[in-house]
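Single-structure report; data block below.
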Amino acid sequence: MVSEHASPLAHLGGVDAGGQNVFVAQLALALARRGHEVTVHTRRDGEELADRVAVAPGVTVEHVRAGPARMVSKDLLLPFMDTFARELARSWRRRPPAVVHAHFWMSGLAALQAAAAFDVPVLQTFHALGVVKRRQQGDQDTSPVQRLAEEARILAAADGIVATCSDELFELARLGADRRRVSVIPCGVDLERFRPDGPAWPRGRRHRVVVVSRLVPRKGIGNAITALAGVPDCELVVAGGPPPEELDGHPEVERFRRLAAAAGVEDRVHFLGGVEQERVAGLIRSADVVACVPWYEPFGMVALEAMACGIPVVASAVGGLVDTVVDGVTGVHVPDRRPEELTRALRHLLARPRLRAAMGAAGAERARRRYGWDTIAARTADLYARLAARRQRVMEGRR
């Protein structure tokens with residue numbers, strides 16, 4: 001696997017550390033449990049990091065020297081991808097992989113460049129598409145100007161594409177992708193960690209709405225704060241961002257605090273900072289409702305984690321959330337950037353404990369049936385095998 005900016009070893013909650021990190025880590029572990037050997041190549045962003053780290057039996061993380069050995073925003077990494085590709089090729093000369101799975105568009109560039117000399121199939125998962133980000137963020141989109149053109153090149157060159165939801169499949173079709181080379185395989189959830197019967201964080205008498213998110217504007221946290229003004233006797237708990245001791249002075253936290261003060265809910269909005277992944281399930285189980293209300297979302301793993309814990313979800317009807325959260329069954333869909341609709345949905349659910357319990361049970365069952373990482377890994381491994389067999393037939397036809 002190639003995941004240039006999202007290391008499976010990273011601390012979650014930062015601007016560039018979120019769902020992709022979890023996806024790569026959990027898929028690698030689940031593939032290893034099926035007997036596969038997985039190496040994850042990610043950019044070295046610290047001098048103290050070892051060249052190779054054994055994460056679990058069958059899973060190794062290899063830190064690639066490309067650019068400065070420090071944290072660099074992913075939007076500034078494109079100039080280092082040629083070096084990244086050369087280092088991949090050097091590693092693969094020692095032991096060529098059977099299949100390469102690239103995560104994010106810059107990983108795809110490096111992977112295709114490196115794999116060209118080895119007759120190895122390359123599978124691409126974008127995790128987010130530049131055209132969608134440009135549409136949603138406009139002038140605030142900080143992606144390199146080359147992104148859209150390079151993503152089109154990857155679409156044409158990769159042996160296969162994984163879309164994580166039906167919305168992404170439609171976006172890829174609009175970009176001209178060959179539908180025969182696109183497979184829809186969703187993200188998964190750790191069913192051992194995220195389950196209804198585990199311990200929950202303590203709480204008071206107020207209702208509790210939980211948001212677990214990176215602190216970036218598109219995640220809709222500001223809309224959740226505004227909506228809270230119309231939901232009495234309820235607190236909003238926000239997990240994500242820097243460590244707790246670094247919250248004061250953080251620009252997004254300060255913006256949210258000003259927004260909460262203007263809405264008159266500053267005493268009911270609590271920022272926890274980054275929460276260790278192993279503690280997130282307990283926080284989710286302490287909620288009456290989990291809110292996932294981004295402006296756009298390639299998949300939305302937190303909604304799936306909440307469902308697995310038996311907690312109903314209020315979700316924006318965007319991206320992958322349309323697939324995972326079944327409106328009226330496992331949660332409620334609301335329009336994005338419409339806090340008044342979020343207020344209405346929260347009031348409806350919080351006033352109906354039996355409905356919340358029914359939705360929570362339906363969500364847990366849906367997560368168990370469709371989204372366990374072992375299920376996702378089995379589907380992914382089957383795709384790997386088909387790509388490898390197809391490449392082998394092509395090679396034999398050249399002889």
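Chain lettering (A, B, ...) mirrors the order of the structure tokens, residue numbering begins at 1 for each chain separately, and ligand numbering begins at 1 in order of display.
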Checklist line | Shell around stretch 67-69 of chain A at 12 Å using only C-alpha atoms, local window under 3 positions removed, as a list of chain:residue names | finding: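 My reading of the contact set: A:Glu4, A:His5, A:Thr42, A:Arg43, A:Arg44, A:Asp45, A:Gly46, A:Glu47, A:Glu48, A:Leu49, A:Ala50, A:Asp51, A:His63, A:Val64, A:Val72, A:Ser73, A:Lys74, A:Leu76, A:Leu77, A:Leu78, A:Pro79, A:Phe80, A:Met81, A:Asp82, A:Thr83, A:Phe84, A:Glu87.
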Take the residues that were just selected and, keeping N, CA and C atoms, output them as a CSV table (one decimal), in the first residue's frame.
```
chain,number,residue,atom,x,y,z
A,4,GLU,N,0.9,8.3,1.0
A,4,GLU,CA,2.0,9.3,1.1
A,4,GLU,C,1.9,10.2,2.3
A,5,HIS,N,0.7,10.6,2.7
A,5,HIS,CA,0.6,11.6,3.8
A,5,HIS,C,-0.1,11.0,5.0
A,42,THR,N,4.7,5.1,3.6
A,42,THR,CA,4.3,6.5,3.9
A,42,THR,C,5.4,7.4,4.1
A,43,ARG,N,5.2,8.7,3.9
A,43,ARG,CA,6.4,9.6,3.9
A,43,ARG,C,6.9,9.8,5.3
A,44,ARG,N,8.2,9.8,5.4
A,44,ARG,CA,8.8,10.0,6.7
A,44,ARG,C,8.6,11.5,7.1
A,45,ASP,N,7.9,11.7,8.3
A,45,ASP,CA,7.7,13.1,8.7
A,45,ASP,C,8.2,13.3,10.1
A,46,GLY,N,9.3,12.6,10.4
A,46,GLY,CA,10.0,12.8,11.7
A,46,GLY,C,11.4,12.1,11.6
A,47,GLU,N,12.4,12.8,12.1
A,47,GLU,CA,13.7,12.2,12.0
A,47,GLU,C,13.8,11.0,13.0
A,48,GLU,N,13.0,10.9,14.0
A,48,GLU,CA,13.1,9.8,15.0
A,48,GLU,C,12.5,8.5,14.5
A,49,LEU,N,11.8,8.6,13.4
A,49,LEU,CA,11.1,7.4,12.9
A,49,LEU,C,12.1,6.4,12.3
A,50,ALA,N,11.8,5.1,12.6
A,50,ALA,CA,12.6,4.0,12.1
A,50,ALA,C,12.3,3.8,10.6
A,51,ASP,N,13.2,3.3,9.8
A,51,ASP,CA,13.0,3.0,8.4
A,51,ASP,C,11.8,2.1,8.2
A,63,HIS,N,8.9,3.9,6.2
A,63,HIS,CA,8.9,5.3,6.1
A,63,HIS,C,9.8,5.8,5.0
A,64,VAL,N,9.3,6.5,4.0
A,64,VAL,CA,10.0,6.8,2.8
A,64,VAL,C,10.6,8.2,2.9
A,72,VAL,N,4.5,18.2,7.0
A,72,VAL,CA,4.2,19.1,5.9
A,72,VAL,C,2.8,18.9,5.5
A,73,SER,N,2.1,20.0,5.3
A,73,SER,CA,0.7,19.9,4.8
A,73,SER,C,0.6,19.1,3.5
A,74,LYS,N,-0.4,18.2,3.5
A,74,LYS,CA,-0.5,17.3,2.3
A,74,LYS,C,-0.6,18.1,1.0
A,76,LEU,N,1.1,20.5,0.1
A,76,LEU,CA,2.5,21.0,-0.3
A,76,LEU,C,3.4,19.8,-0.6
A,77,LEU,N,2.9,18.6,-0.7
A,77,LEU,CA,3.7,17.4,-0.9
A,77,LEU,C,4.0,17.1,-2.4
A,78,LEU,N,3.3,17.6,-3.3
A,78,LEU,CA,3.4,17.2,-4.7
A,78,LEU,C,4.9,17.3,-5.2
A,79,PRO,N,5.7,18.4,-4.9
A,79,PRO,CA,7.0,18.4,-5.4
A,79,PRO,C,7.9,17.2,-4.9
A,80,PHE,N,7.5,16.5,-3.9
A,80,PHE,CA,8.3,15.4,-3.4
A,80,PHE,C,7.9,14.1,-4.0
A,81,MET,N,6.9,14.0,-4.8
A,81,MET,CA,6.4,12.7,-5.3
A,81,MET,C,7.3,12.0,-6.2
A,82,ASP,N,8.1,12.7,-7.0
A,82,ASP,CA,9.1,12.0,-7.9
A,82,ASP,C,10.1,11.3,-7.0
A,83,THR,N,10.6,11.9,-6.0
A,83,THR,CA,11.5,11.3,-5.0
A,83,THR,C,10.8,10.1,-4.4
A,84,PHE,N,9.6,10.3,-3.9
A,84,PHE,CA,8.9,9.2,-3.3
A,84,PHE,C,8.8,8.0,-4.3
A,87,GLU,N,12.1,6.1,-4.5
A,87,GLU,CA,12.3,5.3,-3.3
A,87,GLU,C,11.5,4.1,-3.3
```
Next item on the list: Please provide as a ChimeraX atom specification all residues within 12 Å of A:Ala163, with the sequence filter that same-chain residues fewer than 3 positions apart are discarded (counting only C-alpha atoms).
Entry: /A:103-104,123-129,155,160,166-173,177,179,181-187,298-299,319-320,380
Margin query: List the spatial neighbours of A:Pro243 as a list in words - criterion: any atom at most 6 Å away, only C-alpha atoms, same-chain residues fewer than 3 positions off excluded.
Written below: Glu246, Gly273 and Gly274 of chain A
How about saving the chosen residues, C-alpha atoms kept, as a PDB file, in the first residue's frame?
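Result file is part_11.pdb:
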```pdb
ATOM      1  CA  GLU A 246      -3.101  23.106  22.951  1.00  0.00           C
ATOM      2  CA  GLY A 273      -9.095  17.996  21.786  1.00  0.00           C
ATOM      3  CA  GLY A 274      -7.631  14.869  20.278  1.00  0.00           C
TER       4      GLY A 274
END
```
Check: DSSP says alpha helix (DSSP H) for which residues of stretch 177-374 of chain A? Put them as a ChimeraX atom specification?
Finding: /A:221-228,251-263,277-285,301-308,321-324,339-350,353-370,373-374
Note to self: Could you list, as a ChimeraX atom specification, every residue within 9 Å of A:Gly331, counting only C-alpha atoms and ignoring same-chain residues fewer than 3 positions away?
What the structure shows: /A:289,307,311-315,325-328,349,356,359-360,363
Write out, as an mmCIF file, in the first residue's frame, the residues just selected, with N, CA and C atoms.
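Dumped everything to part-v6.cif:
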```cif
data_model
loop_
_atom_site.group_PDB
_atom_site.id
_atom_site.type_symbol
_atom_site.label_atom_id
_atom_site.label_comp_id
_atom_site.auth_asym_id
_atom_site.auth_seq_id
_atom_site.Cartn_x
_atom_site.Cartn_y
_atom_site.Cartn_z
ATOM 1 N N VAL A 289 -27.079 11.013 20.682
ATOM 2 C CA VAL A 289 -27.025 11.112 19.224
ATOM 3 C C VAL A 289 -25.608 11.502 18.832
ATOM 4 N N MET A 307 -22.925 3.877 14.530
ATOM 5 C CA MET A 307 -23.890 2.819 14.270
ATOM 6 C C MET A 307 -23.462 1.521 14.930
ATOM 7 N N ILE A 311 -25.683 3.767 18.447
ATOM 8 C CA ILE A 311 -26.101 5.153 18.667
ATOM 9 C C ILE A 311 -26.649 5.712 17.356
ATOM 10 N N PRO A 312 -27.849 6.321 17.377
ATOM 11 C CA PRO A 312 -28.385 6.904 16.141
ATOM 12 C C PRO A 312 -27.558 8.084 15.663
ATOM 13 N N VAL A 313 -27.590 8.327 14.365
ATOM 14 C CA VAL A 313 -26.758 9.337 13.729
ATOM 15 C C VAL A 313 -27.640 10.351 13.009
ATOM 16 N N VAL A 314 -27.362 11.631 13.229
ATOM 17 C CA VAL A 314 -27.900 12.675 12.367
ATOM 18 C C VAL A 314 -26.786 13.053 11.406
ATOM 19 N N ALA A 315 -27.027 12.861 10.121
ATOM 20 C CA ALA A 315 -25.963 13.000 9.128
ATOM 21 C C ALA A 315 -26.407 13.879 7.977
ATOM 22 N N VAL A 325 -25.789 5.682 6.463
ATOM 23 C CA VAL A 325 -26.888 6.020 7.358
ATOM 24 C C VAL A 325 -28.200 5.899 6.594
ATOM 25 N N VAL A 326 -29.061 4.997 7.032
ATOM 26 C CA VAL A 326 -30.351 4.809 6.376
ATOM 27 C C VAL A 326 -31.360 5.747 7.034
ATOM 28 N N ASP A 327 -31.826 6.709 6.276
ATOM 29 C CA ASP A 327 -32.716 7.738 6.813
ATOM 30 C C ASP A 327 -33.990 7.108 7.372
ATOM 31 N N GLY A 328 -34.286 7.438 8.631
ATOM 32 C CA GLY A 328 -35.474 6.914 9.277
ATOM 33 C C GLY A 328 -35.303 5.532 9.860
ATOM 34 N N LEU A 349 -35.383 13.549 17.755
ATOM 35 C CA LEU A 349 -34.789 12.330 18.300
ATOM 36 C C LEU A 349 -34.664 12.375 19.827
ATOM 37 N N ARG A 356 -34.844 6.354 19.410
ATOM 38 C CA ARG A 356 -33.366 6.310 19.432
ATOM 39 C C ARG A 356 -32.875 4.887 19.644
ATOM 40 N N MET A 359 -33.387 2.875 16.419
ATOM 41 C CA MET A 359 -32.409 3.250 15.400
ATOM 42 C C MET A 359 -31.016 2.736 15.760
ATOM 43 N N GLY A 360 -30.677 2.812 17.049
ATOM 44 C CA GLY A 360 -29.380 2.313 17.484
ATOM 45 C C GLY A 360 -29.232 0.822 17.222
ATOM 46 N N GLY A 363 -28.809 0.248 13.529
ATOM 47 C CA GLY A 363 -27.469 0.636 13.086
ATOM 48 C C GLY A 363 -26.426 -0.406 13.437
#
```
Item checked: Counting only C-alpha atoms, the option among A:Ile161, A:Val2, A:Thr39, A:Glu245 closest to A:Ala110 ->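 Going through A:Ile161, A:Val2, A:Thr39, A:Glu245 one by one, the smallest distance to A:Ala110 is for A:Val2.
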Item checked: strand (DSSP E or B) per DSSP on the backbone: members of stretch 284-321 of chain A, as a list of chain:residue names -> A:Val289, A:Val290, A:Ala291, A:Cys292, A:Val313, A:Val314, A:Ala315, A:Ser316
Checklist line | Non-local contacts of A:Pro199 (9 Å; only C-alpha atoms; under 6 positions in same chain excluded) as a list in words | finding: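 Residues near the query, excluding close chain neighbours: Ala281, Gly282, Leu283, Arg285 and Ser286 of chain A.
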Next, the residues of the selection above should be written as a compact mmCIF listing (two decimals), in the first residue's frame with C-alpha atoms.
```txt
# COMPACT_ATOMS: atom_id res chain seq x y z
CA ALA A 281 -15.94 4.20 21.41
CA GLY A 282 -16.60 5.00 25.07
CA LEU A 283 -17.29 8.63 24.18
CA ARG A 285 -21.56 5.24 23.70
CA SER A 286 -22.12 8.13 26.13
```
Would you mind listing what lies within 8 Å of A:Arg218 as a short mmCIF file (atom, residue, chain, number, x, y, z; two decimals) with N, CA and C atoms, in the first residue's frame, with only C-alpha atoms counted and same-chain residues fewer than 3 positions away left out?
```cif
data_model
loop_
_atom_site.label_atom_id
_atom_site.label_comp_id
_atom_site.auth_asym_id
_atom_site.auth_seq_id
_atom_site.Cartn_x
_atom_site.Cartn_y
_atom_site.Cartn_z
N GLN A 137 -15.43 23.95 -1.92
CA GLN A 137 -14.64 24.95 -1.20
C GLN A 137 -14.30 26.17 -2.04
N PRO A 294 -21.05 17.22 7.82
CA PRO A 294 -20.10 17.95 6.96
C PRO A 294 -20.79 18.51 5.74
N TRP A 295 -20.06 19.41 5.06
CA TRP A 295 -20.55 19.95 3.79
C TRP A 295 -20.41 18.92 2.69
N TYR A 296 -19.33 18.16 2.74
CA TYR A 296 -19.18 17.00 1.87
C TYR A 296 -18.33 15.99 2.61
#
```
Note to self: Please determine, counting only C-alpha atoms, which residue among A:Asp374, A:Glu266, A:Asp190, A:Asp382 has the shortest atom-to-atom distance to A:Ala308.
What the structure shows: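 Answer, going by the shortest atom-to-atom distance: A:Asp190.
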Next item on the list: For A:Ala56, list every protein, DNA or RNA residue within 10 Å, evaluated using only C-alpha atoms, and leave out those in the same chain fewer than 2 positions away; present the list as a list in words.
Entry: Ala28, Leu29, Ala32, Arg33, Val38, Val53, Ala54, Gly58, Val59, Thr60 and Val61 of chain A
Check: Quick one, how far is atom CA of A:Arg393 from atom CA of A:Arg94?
Finding: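 Calculated distance between atom CA of A:Arg393 and atom CA of A:Arg94 is 24.2 Å.
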Next item on the list: Kindly give the distance, in Å, that separates atom CA of A:Val394 and atom CA of A:Gln113, rounded to a single decimal.
Entry: 19.0 Å
Notebook entry, point to check: What does the distance from atom CA of A:Glu252 to atom CA of A:Val216 come to in Å, to one decimal?
Noted result: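 Those two atoms sit 7.2 Å apart.
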